[in-house]
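Colleague: To be precise about what I am sending: the file is called data.cif and holds mmCIF, C-alpha atoms and all ligand atoms.
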data_model
#
loop_
_atom_site.label_atom_id
_atom_site.label_comp_id
_atom_site.auth_asym_id
_atom_site.auth_seq_id
_atom_site.Cartn_x
_atom_site.Cartn_y
_atom_site.Cartn_z
CA MET H 18 158.42 119.25 117.94
CA THR H 19 160.36 118.04 114.89
CA GLU H 20 161.39 114.42 114.55
CA GLN H 21 164.67 113.81 116.24
CA THR H 22 167.71 112.51 114.48
CA GLU H 23 170.50 112.68 117.04
CA ASN H 24 170.52 114.03 120.58
CA PRO H 25 172.21 117.41 120.88
CA ALA H 26 175.55 117.02 122.67
CA LEU H 27 174.14 118.96 125.63
CA PHE H 28 171.68 116.12 126.13
CA SER H 29 174.17 113.29 125.97
CA PRO H 30 174.99 111.45 129.20
CA LEU H 31 178.34 111.60 130.98
CA THR H 32 179.71 108.94 133.31
CA LEU H 33 182.21 109.66 136.08
CA ARG H 34 183.02 106.48 138.04
CA ASP H 35 179.53 105.00 138.77
CA MET H 36 177.66 108.30 138.43
CA THR H 37 175.96 108.89 135.10
CA VAL H 38 174.44 112.32 134.55
CA LYS H 39 171.70 112.39 131.92
CA ASN H 40 172.83 115.69 130.38
CA ARG H 41 175.63 118.24 130.62
CA VAL H 42 173.86 120.91 132.65
CA MET H 43 174.78 121.56 136.27
CA MET H 44 173.27 124.02 138.66
CA SER H 45 176.37 125.89 139.79
CA PRO H 46 177.01 126.17 143.53
CA MET H 47 175.44 129.35 144.91
CA CYS H 48 175.41 130.52 148.53
CA MET H 49 171.88 131.21 149.72
CA TYR H 50 172.55 132.49 153.28
CA SER H 51 169.43 130.71 154.48
CA ALA H 52 170.58 128.11 157.02
CA GLN H 53 168.04 127.45 159.78
CA ASP H 54 168.73 129.38 162.99
CA LEU H 55 172.09 130.45 161.55
CA ASP H 56 173.61 127.11 162.61
CA GLY H 57 174.39 125.61 159.20
CA THR H 58 171.27 123.43 159.00
CA PRO H 59 169.55 123.28 155.60
CA ASN H 60 165.77 123.60 155.70
CA ASP H 61 162.66 123.69 153.52
CA PHE H 62 164.19 126.49 151.47
CA HIS H 63 167.05 124.23 150.38
CA VAL H 64 164.67 121.36 149.52
CA VAL H 65 162.60 123.67 147.32
CA HIS H 66 165.52 125.64 145.88
CA ILE H 67 167.64 122.63 144.91
CA GLY H 68 164.65 120.37 144.27
CA SER H 69 163.07 122.76 141.77
CA ARG H 70 166.29 123.01 139.73
CA ALA H 71 166.42 119.20 139.67
CA LEU H 72 162.78 119.10 138.52
CA GLY H 73 163.83 121.75 136.01
CA GLY H 74 165.94 119.23 134.18
CA ALA H 75 169.58 119.89 135.17
CA GLY H 76 171.42 116.57 135.06
CA LEU H 77 173.48 117.61 138.08
CA VAL H 78 172.58 120.00 140.86
CA CYS H 79 175.19 121.24 143.30
CA THR H 80 174.68 122.64 146.76
CA GLU H 81 176.06 125.99 147.71
CA MET H 82 179.55 126.05 149.28
CA THR H 83 178.79 124.02 152.38
CA GLN H 84 181.12 124.72 155.25
CA ILE H 85 183.26 122.09 156.90
CA SER H 86 183.50 124.02 160.19
CA PRO H 87 181.72 126.97 161.84
CA GLU H 88 184.87 129.08 161.56
CA GLY H 89 184.96 128.21 157.85
CA ARG H 90 181.77 130.17 157.19
CA ILE H 91 181.49 133.20 154.95
CA SER H 92 178.43 134.38 156.87
CA LEU H 93 176.25 133.13 159.70
CA GLY H 94 173.64 132.04 157.13
CA ASP H 95 175.93 129.58 155.38
CA ALA H 96 174.90 125.98 155.04
CA GLY H 97 177.12 123.52 156.88
CA ILE H 98 178.09 119.89 157.19
CA TRP H 99 180.37 120.24 160.22
CA ASP H 100 178.05 118.41 162.62
CA ASP H 101 176.22 115.09 162.53
CA LYS H 102 173.00 117.02 163.07
CA HIS H 103 173.33 118.34 159.49
CA ILE H 104 173.19 114.86 157.92
CA GLU H 105 169.43 114.21 158.16
CA PRO H 106 168.37 117.66 156.88
CA TRP H 107 170.73 117.26 153.91
CA LYS H 108 169.40 113.74 153.35
CA ARG H 109 165.93 115.29 152.95
CA VAL H 110 167.28 117.42 150.09
CA VAL H 111 169.08 114.45 148.52
CA ASP H 112 166.07 112.15 148.92
CA PHE H 113 163.81 114.67 147.22
CA VAL H 114 166.19 114.92 144.26
CA HIS H 115 166.63 111.14 143.99
CA GLY H 116 162.98 110.34 144.74
CA HIS H 117 161.31 112.79 142.40
CA THR H 118 163.81 113.44 139.61
CA ASP H 119 166.56 111.61 137.74
CA ALA H 120 169.14 114.29 138.52
CA LYS H 121 172.34 113.64 140.47
CA ILE H 122 173.33 115.84 143.35
CA ALA H 123 176.74 117.08 144.45
CA MET H 124 177.81 118.91 147.59
CA GLN H 125 180.42 121.64 147.36
CA LEU H 126 182.64 121.50 150.46
CA GLY H 127 184.48 124.62 151.49
CA HIS H 128 186.14 126.78 154.10
CA ALA H 129 186.02 130.55 153.66
CA GLY H 130 189.42 131.26 155.23
CA ARG H 131 190.09 135.01 155.16
CA LYS H 132 186.77 135.74 153.41
CA GLY H 133 184.71 135.04 156.54
CA CYS H 134 182.79 137.26 159.00
CA ASP H 135 180.58 138.67 156.25
CA PRO H 136 176.99 139.78 156.76
CA LEU H 137 174.21 137.98 154.89
CA THR H 138 174.27 139.03 151.27
CA TRP H 139 171.10 141.17 151.59
CA GLU H 140 172.59 142.92 154.65
CA ARG H 141 175.84 143.91 152.94
CA GLY H 142 176.61 147.54 153.52
CA THR H 143 176.34 147.00 157.25
CA PRO H 144 179.38 145.09 158.51
CA LEU H 145 178.82 142.07 160.76
CA ALA H 146 178.79 143.20 164.41
CA LYS H 147 182.23 142.68 165.97
CA GLU H 148 180.87 140.46 168.76
CA LEU H 149 179.64 137.99 166.13
CA HIS H 150 183.07 137.65 164.46
CA TRP H 151 185.15 134.50 164.64
CA GLU H 152 188.88 134.09 164.19
CA MET H 153 189.76 133.84 160.51
CA VAL H 154 192.73 131.74 159.42
CA ALA H 155 194.73 131.77 156.19
CA PRO H 156 198.09 130.58 154.86
CA SER H 157 199.57 134.01 155.61
CA ALA H 158 198.42 136.96 157.71
CA ILE H 159 197.36 138.98 154.66
CA PRO H 160 193.86 140.48 154.58
CA PHE H 161 191.55 140.03 151.59
CA GLY H 162 191.43 143.79 151.05
CA PRO H 163 192.11 147.12 152.78
CA ASN H 164 188.79 147.01 154.67
CA SER H 165 189.05 143.34 155.69
CA ASN H 166 190.19 141.85 158.99
CA THR H 167 193.63 140.30 159.03
CA PRO H 168 193.53 136.52 159.33
CA ARG H 169 195.86 134.55 161.59
CA GLU H 170 198.61 132.61 159.81
CA MET H 171 197.87 128.92 160.10
CA LYS H 172 200.12 126.68 162.14
CA LYS H 173 200.68 122.98 161.35
CA ALA H 174 197.91 122.04 163.81
CA ASP H 175 195.45 124.35 162.02
CA ILE H 176 196.37 122.73 158.71
CA ALA H 177 195.81 119.26 160.15
CA LYS H 178 192.44 120.34 161.55
CA VAL H 179 191.28 121.68 158.19
CA ARG H 180 192.28 118.41 156.52
CA ASP H 181 190.42 116.41 159.18
CA ASP H 182 187.36 118.65 158.94
CA PHE H 183 187.18 118.06 155.17
CA VAL H 184 187.38 114.32 155.83
CA SER H 185 184.58 114.36 158.43
CA ALA H 186 182.47 116.54 156.15
CA ALA H 187 182.96 114.14 153.23
CA LYS H 188 181.89 111.18 155.40
CA ARG H 189 178.74 113.05 156.39
CA ALA H 190 178.04 113.99 152.76
CA ASP H 191 178.21 110.29 151.91
CA GLN H 192 175.86 109.41 154.78
CA ALA H 193 173.43 112.01 153.45
CA GLY H 194 173.55 110.21 150.07
CA PHE H 195 175.30 112.76 147.82
CA ASP H 196 176.48 111.39 144.46
CA MET H 197 179.57 113.60 144.18
CA ILE H 198 181.52 116.12 146.23
CA GLU H 199 183.27 119.18 144.92
CA LEU H 200 186.19 120.70 146.84
CA HIS H 201 186.09 124.48 146.65
CA CYS H 202 189.66 125.43 145.74
CA GLY H 203 188.76 128.71 144.02
CA HIS H 204 187.46 132.26 144.52
CA GLY H 205 189.83 133.25 147.33
CA TYR H 206 188.47 130.87 149.93
CA LEU H 207 190.87 128.91 152.14
CA LEU H 208 192.25 126.26 149.77
CA SER H 209 192.40 128.84 147.00
CA THR H 210 194.46 131.18 149.18
CA PHE H 211 197.02 128.38 149.51
CA ILE H 212 197.23 128.08 145.70
CA SER H 213 197.69 131.81 144.93
CA PRO H 214 201.06 133.49 145.50
CA LEU H 215 199.17 136.70 146.36
CA SER H 216 197.77 135.16 149.53
CA ASN H 217 200.31 132.43 150.31
CA GLN H 218 203.71 133.73 151.33
CA ARG H 219 204.62 130.85 153.60
CA THR H 220 208.20 129.77 153.84
CA ASP H 221 207.43 126.18 154.94
CA SER H 222 206.54 123.26 152.65
CA TYR H 223 202.96 124.59 152.20
CA GLY H 224 204.20 127.68 150.34
CA GLY H 225 206.77 128.58 147.69
CA ASP H 226 206.32 127.38 144.13
CA ILE H 227 203.03 126.13 142.71
CA LYS H 228 203.79 122.57 143.88
CA GLY H 229 204.28 123.79 147.46
CA ARG H 230 201.17 125.93 147.25
CA MET H 231 199.20 122.90 146.03
CA LYS H 232 200.39 120.74 148.94
CA LEU H 233 197.35 121.36 151.19
CA PRO H 234 194.68 121.09 148.45
CA LEU H 235 196.26 117.79 147.37
CA GLU H 236 196.55 116.52 150.96
CA VAL H 237 192.88 117.35 151.45
CA PHE H 238 192.01 115.63 148.18
CA HIS H 239 193.92 112.44 149.09
CA ALA H 240 192.47 112.34 152.61
CA VAL H 241 188.94 112.85 151.31
CA ARG H 242 189.41 110.36 148.47
CA ALA H 243 190.41 107.73 151.07
CA VAL H 244 187.02 107.98 152.83
CA TRP H 245 184.75 108.92 149.90
CA PRO H 246 183.31 105.75 148.30
CA GLU H 247 185.42 104.39 145.45
CA ASN H 248 182.44 104.40 143.07
CA LYS H 249 181.61 108.09 143.60
CA PRO H 250 183.44 110.91 141.77
CA ILE H 251 185.12 114.02 143.18
CA SER H 252 185.33 117.43 141.52
CA ALA H 253 187.38 120.50 142.46
CA ARG H 254 186.59 124.09 141.58
CA ILE H 255 189.64 126.26 140.90
CA SER H 256 190.41 129.81 139.96
CA ALA H 257 192.38 129.04 136.80
CA ILE H 258 193.83 132.56 136.82
CA ASP H 259 193.89 135.34 139.43
CA TRP H 260 193.41 138.24 136.96
CA ILE H 261 196.03 140.21 138.93
CA GLU H 262 199.65 140.82 138.00
CA GLY H 263 201.91 138.66 140.13
CA GLY H 264 199.09 136.17 140.69
CA ASN H 265 198.45 132.82 139.05
CA GLU H 266 198.36 132.75 135.24
CA ILE H 267 196.84 130.08 133.03
CA SER H 268 200.22 128.27 132.98
CA ASP H 269 199.75 127.82 136.76
CA GLY H 270 196.14 126.75 136.22
CA ILE H 271 197.40 124.03 133.88
CA ILE H 272 199.85 122.78 136.53
CA VAL H 273 197.07 122.78 139.14
CA ALA H 274 194.92 120.73 136.75
CA GLU H 275 197.76 118.29 136.05
CA LEU H 276 198.50 117.81 139.76
CA PHE H 277 194.82 117.11 140.45
CA ARG H 278 194.66 114.71 137.49
CA GLU H 279 197.69 112.78 138.74
CA ALA H 280 196.07 112.60 142.18
CA GLY H 281 192.95 111.01 140.63
CA LEU H 282 190.48 113.89 140.49
CA ASP H 283 187.50 113.00 138.28
CA ILE H 284 186.48 116.42 136.96
CA LEU H 285 187.79 119.98 137.27
CA ASP H 286 185.38 122.91 137.62
CA VAL H 287 187.22 125.81 135.98
CA SER H 288 186.36 129.25 137.31
CA SER H 289 188.67 132.23 137.89
CA GLY H 290 189.47 135.23 140.06
CA ASN H 291 188.06 136.63 143.31
CA ILE H 292 191.32 135.98 145.11
CA THR H 293 191.59 139.55 146.47
CA HIS H 294 189.28 142.55 146.73
CA VAL H 295 190.51 143.61 143.26
CA ARG H 296 187.57 142.39 141.23
CA ARG H 297 188.14 140.68 137.93
CA PRO H 298 187.27 142.74 134.87
CA ILE H 299 183.60 142.68 133.91
CA VAL H 300 183.71 140.44 130.91
CA LYS H 301 180.88 139.56 128.57
CA GLY H 302 180.26 136.19 126.97
CA LEU H 303 181.84 132.87 127.89
CA PHE H 304 184.91 134.56 129.39
CA GLN H 305 186.02 131.55 131.44
CA THR H 306 185.49 128.86 128.81
CA PRO H 307 188.91 129.60 127.21
CA PHE H 308 190.52 128.54 130.53
CA SER H 309 188.67 125.23 130.47
CA GLU H 310 189.61 124.81 126.80
CA GLU H 311 193.28 125.58 127.47
CA ILE H 312 193.40 123.13 130.37
CA LYS H 313 191.81 120.40 128.26
CA LYS H 314 194.43 121.01 125.54
CA HIS H 315 197.21 120.23 127.99
CA VAL H 316 195.69 117.92 130.59
CA ASP H 317 193.61 114.79 130.10
CA ILE H 318 190.81 115.62 132.52
CA PRO H 319 187.09 116.29 132.07
CA THR H 320 186.10 119.87 132.91
CA ILE H 321 183.13 121.95 133.91
CA THR H 322 182.94 125.45 132.47
CA VAL H 323 181.06 128.23 134.19
CA GLY H 324 180.38 131.91 133.65
CA ASN H 325 177.71 133.66 131.60
CA VAL H 326 176.42 130.52 129.92
CA ALA H 327 173.03 131.90 128.92
CA THR H 328 171.54 130.14 125.91
CA ALA H 329 170.97 126.56 124.88
CA THR H 330 173.01 127.12 121.72
CA GLN H 331 175.99 128.46 123.68
CA ALA H 332 175.94 125.51 126.04
CA ASN H 333 175.44 122.97 123.26
CA ASP H 334 178.30 124.49 121.23
CA VAL H 335 180.64 124.28 124.24
CA ILE H 336 179.93 120.56 124.61
CA THR H 337 179.92 119.83 120.85
CA SER H 338 183.30 121.51 120.38
CA GLY H 339 184.80 119.76 123.41
CA ARG H 340 185.68 123.00 125.22
CA ALA H 341 184.22 121.50 128.42
CA ASP H 342 182.27 118.41 129.42
CA ILE H 343 179.63 120.08 131.60
CA CYS H 344 178.22 123.62 131.64
CA ALA H 345 177.56 124.93 135.13
CA ILE H 346 174.87 127.58 135.12
CA GLY H 347 174.45 129.89 138.10
CA LYS H 348 172.44 133.05 137.56
CA GLY H 349 170.56 131.40 134.71
CA HIS H 350 169.18 128.89 137.22
CA LEU H 351 168.08 131.67 139.58
CA TYR H 352 166.28 133.31 136.68
CA ASP H 353 164.78 130.10 135.37
CA PRO H 354 164.70 126.87 137.43
CA PHE H 355 163.50 125.13 134.25
CA TRP H 356 166.52 126.31 132.24
CA THR H 357 167.27 122.80 131.00
CA HIS H 358 163.78 121.94 129.81
CA HIS H 359 163.64 125.28 128.03
CA ALA H 360 167.04 124.58 126.48
CA ALA H 361 165.73 121.24 125.23
CA ARG H 362 162.82 123.02 123.59
CA ALA H 363 165.19 125.56 121.99
CA LEU H 364 167.33 122.73 120.60
CA GLU H 365 164.23 120.84 119.46
CA HIS H 366 165.19 117.96 121.70
CA ASP H 367 162.35 115.90 123.09
CA GLU H 368 163.44 115.79 126.75
CA ALA H 369 161.09 114.11 129.25
CA TRP H 370 159.45 116.55 131.66
CA PRO H 371 158.69 115.45 135.24
CA LYS H 372 155.83 112.93 135.16
CA GLN H 373 153.58 115.43 136.96
CA TYR H 374 154.11 118.06 134.23
CA PRO H 375 153.34 116.42 130.87
CA ALA H 376 151.05 119.34 130.02
CA ALA H 377 154.10 121.62 129.93
CA ARG H 378 155.07 120.03 126.62
CA ALA H 379 151.88 121.34 125.06
CA PHE H 380 152.52 124.89 126.26
CA ASN H 381 153.46 127.31 123.54
CA PRO H 382 155.40 130.26 124.98
CA ASN H 383 155.19 132.11 121.65
CA PRO H 384 151.56 131.75 120.52
C1 LIG W 1 174.25 134.24 144.48
C2 LIG W 1 175.54 133.55 144.10
C3 LIG W 1 176.19 132.77 145.02
C4 LIG W 1 177.37 132.07 144.65
N1 LIG W 1 177.94 131.20 145.55
C5 LIG W 1 178.94 130.37 145.12
C6 LIG W 1 179.36 129.27 145.92
O1 LIG W 1 178.82 128.99 146.99
N2 LIG W 1 180.39 128.52 145.44
C7 LIG W 1 180.98 128.77 144.22
O2 LIG W 1 181.90 128.06 143.84
N3 LIG W 1 180.55 129.78 143.45
C8 LIG W 1 179.53 130.55 143.84
N4 LIG W 1 179.03 131.50 143.00
C9 LIG W 1 179.56 131.59 141.64
C10 LIG W 1 178.71 130.73 140.69
O3 LIG W 1 178.78 129.36 141.01
C11 LIG W 1 179.18 130.92 139.24
O4 LIG W 1 180.51 130.48 139.14
C12 LIG W 1 179.09 132.39 138.79
O5 LIG W 1 177.85 132.96 139.16
C13 LIG W 1 179.26 132.51 137.27
O6 LIG W 1 178.31 131.72 136.61
P1 LIG W 1 176.92 132.35 136.00
O7 LIG W 1 177.35 133.45 135.07
O8 LIG W 1 176.26 131.20 135.30
O9 LIG W 1 176.13 132.88 137.14
C14 LIG W 1 177.89 132.22 143.36
C15 LIG W 1 177.24 133.07 142.45
C16 LIG W 1 176.06 133.71 142.79
C17 LIG W 1 175.35 134.54 141.75
#
Spit out the file's structure as structure tokens when you get a sec.

Modeller:
Amino acid sequence: MTEQTENPALFSPLTLRDMTVKNRVMMSPMCMYSAQDLDGTPNDFHVVHIGSRALGGAGLVCTEMTQISPEGRISLGDAGIWDDKHIEPWKRVVDFVHGHTDAKIAMQLGHAGRKGCDPLTWERGTPLAKELHWEMVAPSAIPFGPNSNTPREMKKADIAKVRDDFVSAAKRADQAGFDMIELHCGHGYLLSTFISPLSNQRTDSYGGDIKGRMKLPLEVFHAVRAVWPENKPISARISAIDWIEGGNEISDGIIVAELFREAGLDILDVSSGNITHVRRPIVKGLFQTPFSEEIKKHVDIPTITVGNVATATQANDVITSGRADICAIGKGHLYDPFWTHHAARALEHDEAWPKQYPAARAFNPNP
């Protein structure tokens, strides 16, 4: 290893409220469909899955989209935080991360809305048996796609329940010891369907222009902020654009970012698309980083970029050039739990390995 002059930007710390992450790598939220007994409870799999990415050097690891209510699930295997019984099992995951690594851990809170009643990912192709379905709700009674069930349009009471469920979920996430929560407001799930004009055609105050369509996400944010400890940050993931004509464009994404900034959001996780069954174009390279960059040009808010971040150099360049403040890495973390330590090696940065693994530093992958 060469003598170090300055830490690469990817390995510089970032502080949000009282949370300092040691580097700019986050394990992106990824559904694992592995809840115990299909009742939302995380288990040994989640300890090992999340724990190994924390041992692997990511400064921040995020849980999969964790559902705030049973009817908010994508599939029966989703992890949940809708019941007090979920607190202790999640605390096991958090305690492993805090006890054995110096990573921070966030929980992504979500509600699938009209994208529910799915089979487990490895059973796709066979639809979920009708008797296992639950009632799906959405801002408007518009299905996700031609082969999807039509959700019921939410009434005021449904909206209030969703807000309250997010609040209860956030309190439980705090009791479990999470350092940050991320509200899932992207990818066509419930809060995202409020933001997109393609899925929200309400005529009350929760629909209409982008400010009306942001009313519920902002109400949820304010209600959650009121119970989430003052010293802990909150993130929100958005679909900055819908990739569909008539849907949200980047100008809308900028307004969404500005409204969240005004409300006091600490960091914005900038993704895109998946709002309807029309899939976004298959794009190579850092196709979503321009959205983060554009938002940062117009709005004074830290961002997370995500999508196809593959190499250490790519991630370091994103941070060095200020296009985003954190790189979330999804598939790369499935491929390589030790992505961050390997990135450190590639950038010739002398990053500490877990104390049990000092011998890894002596390993030469290219003898
Ligand atoms: C298996 C899998 C599950 C995912 N589940 C979620 C999720 O729960 N919440 C979310 O916001 N994004 C989810 N995503 C999207 C990822 O967080 C990420 O945005 C996407 O994979 C692009 O990043 P990548 O190219 O680094 O994988 C998932 C992606 C994968 C591959």

Colleague: Place a sphere of radius 7 Å on (178.4, 125.5, 141.8) in the file coordinates and name every protein, DNA or RNA residue with an atom inside or on its surface, counting only C-alpha atoms; give the answer as a PyMOL selection string.

Modeller: chain H and resi 44-47+79-81+345+347

Colleague: Using all atoms listed in the file, can you tell me which of H:Gly270, H:Gly127, H:Pro246, H:Gly162 comes closest to ligand LIG 1 (chain W)?

Modeller: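 Closest residue, counting all atoms listed in the file: H:Gly127.
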
Colleague: Find the residues near Glu310 (chain H): any atom within 9 Å, counting all atoms listed in the file, skip ones fewer than 5 places away on the same chain, and give them as a list of chain:residue names.

Modeller: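 The filter keeps H:Gln305, H:His315, H:Thr320, H:Thr322, H:Gly339, H:Arg340, H:Ala341.
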
Colleague: Using only C-alpha atoms, which of the listed residues (H:Ala146, H:Lys372, H:Val114, H:Ala377) sits closest to Phe355 (chain H)?

Modeller: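 Once distances to Phe355 (chain H) are computed over only C-alpha atoms, the minimum belongs to H:Ala377.
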
Colleague: Determine, counting only C-alpha atoms, which protein, DNA and RNA residues have an atom within 10 Å of an atom of Glu279 (chain H); residues of the same chain fewer than 6 positions away are not included. Present the result as a tab-separated table (two decimals) with C-alpha atoms, keeping the file's coordinate frame.

Modeller:
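What follows is the written file part.tsv:
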chain	number	residue	atom	x	y	z
H	316	VAL	CA	195.69	117.92	130.59
H	317	ASP	CA	193.61	114.79	130.10
H	318	ILE	CA	190.81	115.62	132.52

Colleague: Pull the closest atom pair for each residue of region 273-337 of chain H that gets at most 12 Å from region 34-38 of chain H, along with the distance in Å to one decimal, counting all atoms listed in the file, ordering rows by chain and then ascending residue number, as a Markdown table.

Modeller:
| residue | atom | partner | partner_atom | distance |
| --- | --- | --- | --- | --- |
| H:Gly281 | CA | H:Arg34 | CA | 11.2 |
| H:Leu282 | CA | H:Arg34 | CA | 10.8 |
| H:Asp283 | CA | H:Arg34 | CA | 7.9 |
| H:Ile284 | CA | H:Arg34 | CA | 10.6 |

Colleague: Keeping only C-alpha atoms, write the selected residues to a file as a JSON list (two decimals), in the coordinates of the input.

Modeller:
[["chain", "number", "residue", "atom", "x", "y", "z"],
["H", 281, "GLY", "CA", 192.95, 111.01, 140.63],
["H", 282, "LEU", "CA", 190.48, 113.89, 140.49],
["H", 283, "ASP", "CA", 187.50, 113.00, 138.28],
["H", 284, "ILE", "CA", 186.48, 116.42, 136.96]]

Colleague: Ligand LIG 1 (chain W): which residues are within 8 Å, counting only C-alpha atoms and all ligand atoms, as a PyMOL selection string?

Modeller: chain H and resi 45-49+80-83+125+201+203-204+254+288+323-327+345-350

Colleague: May I ask you to restore N, CA and C atoms in region 81-95 of chain H and write the result as a PDB file, in the coordinates of the input?

Modeller:
ATOM      1  N   GLU H  81     175.179 124.849 147.476  1.00  0.00           N
ATOM      2  CA  GLU H  81     176.060 125.990 147.710  1.00  0.00           C
ATOM      3  C   GLU H  81     177.327 125.503 148.425  1.00  0.00           C
ATOM      4  N   MET H  82     178.348 126.367 148.506  1.00  0.00           N
ATOM      5  CA  MET H  82     179.550 126.050 149.280  1.00  0.00           C
ATOM      6  C   MET H  82     179.102 125.734 150.704  1.00  0.00           C
ATOM      7  N   THR H  83     179.291 124.499 151.102  1.00  0.00           N
ATOM      8  CA  THR H  83     178.790 124.020 152.380  1.00  0.00           C
ATOM      9  C   THR H  83     179.992 123.872 153.317  1.00  0.00           C
ATOM     10  N   GLN H  84     179.898 124.523 154.461  1.00  0.00           N
ATOM     11  CA  GLN H  84     181.120 124.720 155.250  1.00  0.00           C
ATOM     12  C   GLN H  84     181.469 123.516 156.115  1.00  0.00           C
ATOM     13  N   ILE H  85     182.755 123.256 156.171  1.00  0.00           N
ATOM     14  CA  ILE H  85     183.260 122.090 156.900  1.00  0.00           C
ATOM     15  C   ILE H  85     183.455 122.388 158.392  1.00  0.00           C
ATOM     16  N   SER H  86     183.367 123.660 158.768  1.00  0.00           N
ATOM     17  CA  SER H  86     183.500 124.020 160.190  1.00  0.00           C
ATOM     18  C   SER H  86     182.827 125.375 160.385  1.00  0.00           C
ATOM     19  N   PRO H  87     182.380 125.674 161.618  1.00  0.00           N
ATOM     20  CA  PRO H  87     181.720 126.970 161.840  1.00  0.00           C
ATOM     21  C   PRO H  87     182.648 128.134 161.522  1.00  0.00           C
ATOM     22  N   GLU H  88     183.936 127.976 161.831  1.00  0.00           N
ATOM     23  CA  GLU H  88     184.870 129.080 161.560  1.00  0.00           C
ATOM     24  C   GLU H  88     185.227 129.162 160.074  1.00  0.00           C
ATOM     25  N   GLY H  89     184.733 128.191 159.300  1.00  0.00           N
ATOM     26  CA  GLY H  89     184.960 128.210 157.850  1.00  0.00           C
ATOM     27  C   GLY H  89     183.838 128.908 157.106  1.00  0.00           C
ATOM     28  N   ARG H  90     182.916 129.528 157.851  1.00  0.00           N
ATOM     29  CA  ARG H  90     181.770 130.170 157.190  1.00  0.00           C
ATOM     30  C   ARG H  90     182.142 131.509 156.556  1.00  0.00           C
ATOM     31  N   ILE H  91     181.425 131.845 155.495  1.00  0.00           N
ATOM     32  CA  ILE H  91     181.490 133.200 154.950  1.00  0.00           C
ATOM     33  C   ILE H  91     180.620 134.077 155.848  1.00  0.00           C
ATOM     34  N   SER H  92     179.393 133.622 156.073  1.00  0.00           N
ATOM     35  CA  SER H  92     178.430 134.380 156.870  1.00  0.00           C
ATOM     36  C   SER H  92     177.722 133.421 157.807  1.00  0.00           C
ATOM     37  N   LEU H  93     176.974 133.980 158.745  1.00  0.00           N
ATOM     38  CA  LEU H  93     176.250 133.130 159.700  1.00  0.00           C
ATOM     39  C   LEU H  93     175.129 132.336 159.017  1.00  0.00           C
ATOM     40  N   GLY H  94     174.718 132.751 157.815  1.00  0.00           N
ATOM     41  CA  GLY H  94     173.640 132.040 157.130  1.00  0.00           C
ATOM     42  C   GLY H  94     174.104 130.877 156.272  1.00  0.00           C
ATOM     43  N   ASP H  95     175.413 130.647 156.258  1.00  0.00           N
ATOM     44  CA  ASP H  95     175.930 129.580 155.380  1.00  0.00           C
ATOM     45  C   ASP H  95     175.411 128.211 155.776  1.00  0.00           C
TER      46      ASP H  95
END
